[in-house]
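Below: model-v2.txt (compact mmCIF, C-alpha atoms)
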# COMPACT_ATOMS: atom_id res chain seq x y z
CA MET A 1 -47.64 29.08 -27.52
CA HIS A 2 -50.42 26.98 -26.01
CA GLU A 3 -49.72 28.73 -22.69
CA LEU A 4 -51.73 31.74 -23.93
CA PRO A 5 -55.08 29.87 -23.94
CA VAL A 6 -54.04 28.23 -20.66
CA ALA A 7 -53.51 31.64 -19.06
CA GLU A 8 -56.80 32.88 -20.58
CA SER A 9 -58.68 29.93 -19.08
CA ILE A 10 -57.11 30.40 -15.66
CA LEU A 11 -57.99 34.10 -15.70
CA SER A 12 -61.57 33.38 -16.71
CA ILE A 13 -61.95 30.82 -13.92
CA VAL A 14 -60.43 32.99 -11.20
CA LEU A 15 -62.39 36.10 -12.19
CA LYS A 16 -65.63 34.11 -12.10
CA HIS A 17 -64.92 32.69 -8.64
CA ALA A 18 -63.58 35.98 -7.31
CA GLU A 19 -66.75 37.76 -8.44
CA GLU A 20 -68.90 35.13 -6.70
CA ALA A 21 -66.88 35.69 -3.51
CA GLN A 22 -67.14 39.48 -3.91
CA ALA A 23 -63.37 39.80 -4.02
CA THR A 24 -61.67 43.14 -4.44
CA GLN A 25 -58.32 41.58 -5.28
CA ILE A 26 -56.90 38.22 -6.28
CA THR A 27 -53.54 37.80 -4.55
CA ASP A 28 -52.31 34.24 -5.18
CA LEU A 29 -53.06 31.25 -7.40
CA ASN A 30 -51.83 27.74 -6.67
CA ILE A 31 -51.51 25.72 -9.85
CA VAL A 32 -50.67 22.01 -10.00
CA ILE A 33 -48.86 20.76 -13.11
CA GLY A 34 -47.74 17.21 -13.77
CA GLN A 35 -44.16 16.65 -14.87
CA LEU A 36 -45.40 15.26 -18.19
CA ALA A 37 -47.75 18.18 -18.91
CA SER A 38 -46.30 20.30 -21.66
CA VAL A 39 -46.89 23.58 -19.83
CA ILE A 40 -44.02 25.97 -19.17
CA ASP A 41 -44.37 27.92 -15.92
CA ASP A 42 -42.54 31.02 -17.14
CA SER A 43 -44.68 31.23 -20.27
CA VAL A 44 -47.91 30.98 -18.27
CA GLN A 45 -46.59 33.72 -15.96
CA PHE A 46 -45.66 35.89 -18.96
CA TYR A 47 -49.14 35.66 -20.50
CA TRP A 48 -50.78 35.99 -17.08
CA ASP A 49 -49.04 39.31 -16.48
CA ILE A 50 -50.32 40.65 -19.81
CA LEU A 51 -53.87 39.28 -19.59
CA SER A 52 -54.53 40.17 -15.96
CA LYS A 53 -53.54 43.83 -16.41
CA ASP A 54 -56.34 46.19 -15.33
CA THR A 55 -58.29 43.39 -13.61
CA ILE A 56 -58.57 42.50 -9.92
CA ALA A 57 -56.08 39.72 -10.70
CA GLU A 58 -53.31 42.11 -11.73
CA GLY A 59 -50.23 41.44 -9.63
CA ALA A 60 -51.45 38.07 -8.38
CA GLN A 61 -48.63 35.63 -7.71
CA LEU A 62 -48.73 32.30 -9.53
CA HIS A 63 -47.35 29.41 -7.51
CA PHE A 64 -46.59 26.26 -9.50
CA GLN A 65 -46.41 22.84 -7.90
CA ARG A 66 -44.95 20.11 -10.10
CA VAL A 67 -46.19 16.54 -9.66
CA PRO A 68 -43.56 13.86 -10.37
CA THR A 69 -44.35 11.17 -12.91
CA GLN A 70 -45.43 7.78 -11.63
CA MET A 71 -45.99 4.78 -13.89
CA LEU A 72 -47.54 1.35 -13.50
CA CYS A 73 -46.17 -1.59 -15.44
CA LEU A 74 -49.12 -3.56 -16.76
CA ASP A 75 -46.92 -6.64 -17.23
CA CYS A 76 -45.68 -7.05 -13.65
CA ASN A 77 -47.91 -4.55 -11.78
CA HIS A 78 -44.91 -2.59 -10.45
CA ALA A 79 -45.45 1.13 -9.71
CA TYR A 80 -42.36 3.26 -10.32
CA LYS A 81 -41.03 6.72 -11.05
CA PRO A 82 -39.22 6.70 -14.40
CA ALA A 83 -35.61 7.83 -14.32
CA ASP A 84 -34.18 10.24 -16.90
CA GLY A 85 -36.94 9.79 -19.47
CA GLU A 86 -36.80 5.99 -19.36
CA MET A 87 -40.35 4.74 -19.54
CA ALA A 88 -39.71 0.98 -19.49
CA CYS A 89 -40.31 -0.84 -16.21
CA PRO A 90 -37.10 -1.07 -14.17
CA LEU A 91 -38.07 -4.56 -12.90
CA CYS A 92 -39.12 -6.42 -16.03
CA ASP A 93 -38.27 -3.98 -18.86
CA GLY A 94 -41.94 -4.04 -19.84
CA VAL A 95 -43.18 -1.22 -22.01
CA LEU A 96 -46.89 -1.78 -21.53
CA ILE A 97 -47.39 0.99 -18.99
CA LYS A 98 -50.07 3.20 -17.51
CA ILE A 99 -49.40 6.73 -16.31
CA LEU A 100 -50.61 7.09 -12.72
CA LYS A 101 -49.35 10.62 -12.03
CA GLY A 102 -47.66 13.36 -13.99
CA GLU A 103 -50.31 14.55 -16.43
CA GLU A 104 -52.18 16.76 -13.95
CA PHE A 105 -53.01 20.36 -14.70
CA TYR A 106 -55.44 22.22 -12.48
CA LEU A 107 -56.00 25.31 -10.41
CA ASP A 108 -55.77 24.10 -6.81
CA SER A 109 -56.70 27.27 -4.94
CA ILE A 110 -57.21 31.01 -5.20
CA GLU A 111 -56.41 33.53 -2.49
CA ILE A 112 -58.40 36.76 -2.51
CA LYS A 113 -59.06 39.91 -0.54
CA THR A 114 -62.53 41.28 0.12
CA GLU A 115 -63.70 44.69 1.28
CA ASP A 116 -63.77 43.38 4.87
CA GLU A 117 -60.05 42.60 4.72
CA GLU A 118 -58.89 45.94 3.35
Turn the structure described in the file into structure tokens.
Amino acid sequence: MHELPVAESILSIVLKHAEEAQATQITDLNIVIGQLASVIDDSVQFYWDILSKDTIAEGAQLHFQRVPTQMLCLDCNHAYKPADGEMACPLCDGVLIKILKGEEFYLDSIEIKTEDEE
């Protein structure tokens, strides 16, 4: 259910930037989500469709890019991509790890139309 406030935040951000750019329509959003982020694409899309109704963002396509998880073993300094939920280092079985990638969640870009383009 935390996808509702996520969709609300995204809508707020895109409407603000679209207004600054004097957009007449928001057509596409490119969203980056790390593999470890607990955000479900379909749920964000569901809430987006409801929240964006009757705004210039209505009908905008959400494009989700997933970032694979990458870990760093702090025992042996080996960077790796964990396999099948295994977090331990595949070289030394160390469990003292740092997440390098996979927790991202951000709006990468917004595509709009302006009066000049219509």
For this session: Just give me the gap between atom CA of Lys113 of chain A and atom CA of Ile33 of chain A in Å, one decimal is fine.
Result: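 According to the coordinates, atom CA of Lys113 of chain A and atom CA of Ile33 of chain A are separated by 25.1 Å.
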Considering all atoms listed in the file, give me a table of residues in segment 75-111 of chain A that are at most 12 Å from segment 39-56 of chain A, with the closest atom pair and distance in Å for each, as JSON lines.
{"residue": "A:Gly102", "atom": "CA", "partner": "A:Val39", "partner_atom": "CA", "distance": 11.8}
{"residue": "A:Glu103", "atom": "CA", "partner": "A:Val39", "partner_atom": "CA", "distance": 10.2}
{"residue": "A:Glu104", "atom": "CA", "partner": "A:Val39", "partner_atom": "CA", "distance": 10.4}
{"residue": "A:Phe105", "atom": "CA", "partner": "A:Val39", "partner_atom": "CA", "distance": 8.6}
{"residue": "A:Tyr106", "atom": "CA", "partner": "A:Val39", "partner_atom": "CA", "distance": 11.4}
{"residue": "A:Glu111", "atom": "CA", "partner": "A:Ile56", "partner_atom": "CA", "distance": 11.8}
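We find atom CA of Asp108 of chain A and atom CA of Met71 of chain A to be spaced 22.8 Å apart.
Close contacts of Glu86 of chain A, defined as residues with an atom at most 12 Å away when counting only C-alpha atoms, with chain neighbours fewer than 2 positions off set aside, comprise Thr69, Gln70, Met71, Tyr80, Lys81, Pro82, Ala83, Asp84, Ala88, Cys89, Pro90, Asp93, Gly94, Val95 and Ile97 of chain A.
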Problem set entry | Coordinates-based distance that separates atom CA of Val6 of chain A from atom CA of Asp28 of chain A (Å, one decimal) |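 Between these atoms lies a distance of 16.7 Å.
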Given 3 Å of margin on each side, can you work out the centre and size in Å (one decimal) of an axis-aligned box holding every listed atom of segment 90-105 of chain A, as lines of an AutoDock Vina configuration file?
center_x = -45.1
center_y = 7.0
center_z = -17.0
size_x = 21.9
size_y = 32.8
size_z = 16.0
Exercise. Smallest atom-to-atom distance to Ala60 of chain A: which of A:Leu100, A:Ile10, A:Leu15, A:Leu29, using all atoms listed in the file?
Worked result: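 The closest residue to Ala60 of chain A is A:Leu29.
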Exercise. Looking at A:Leu96, A:Leu91, A:Ala7, A:Ala57, which one is nearest to Thr24 of chain A, with distances taken over only C-alpha atoms?
Worked result: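 Nearest to Thr24 of chain A: A:Ala57.
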Problem set entry | Residue with smallest distance to Thr27 of chain A - pool A:Ser109, A:Gln65, A:Asn77, A:Ser12, counting all atoms listed in the file |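 Among A:Ser109, A:Gln65, A:Asn77, A:Ser12, it is A:Ser109 that comes nearest to Thr27 of chain A.
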Problem set entry | Counting all atoms listed in the file, the option among A:His2, A:Ser9, A:Cys73, A:Ile112 closest to Ile26 of chain A | A:Ile112
Problem set entry | Nearest to Glu20 of chain A by atom-to-atom distance, counting only C-alpha atoms, from A:Lys98, A:Met87, A:Gly34, A:Thr114 |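 Distance minimum relative to Glu20 of chain A lands on A:Thr114.
Candidate residues A:Leu107, A:Gln25, A:Val14, A:Asp116 were compared for distance to His63 of chain A, and the nearest is A:Leu107, using only C-alpha atoms.
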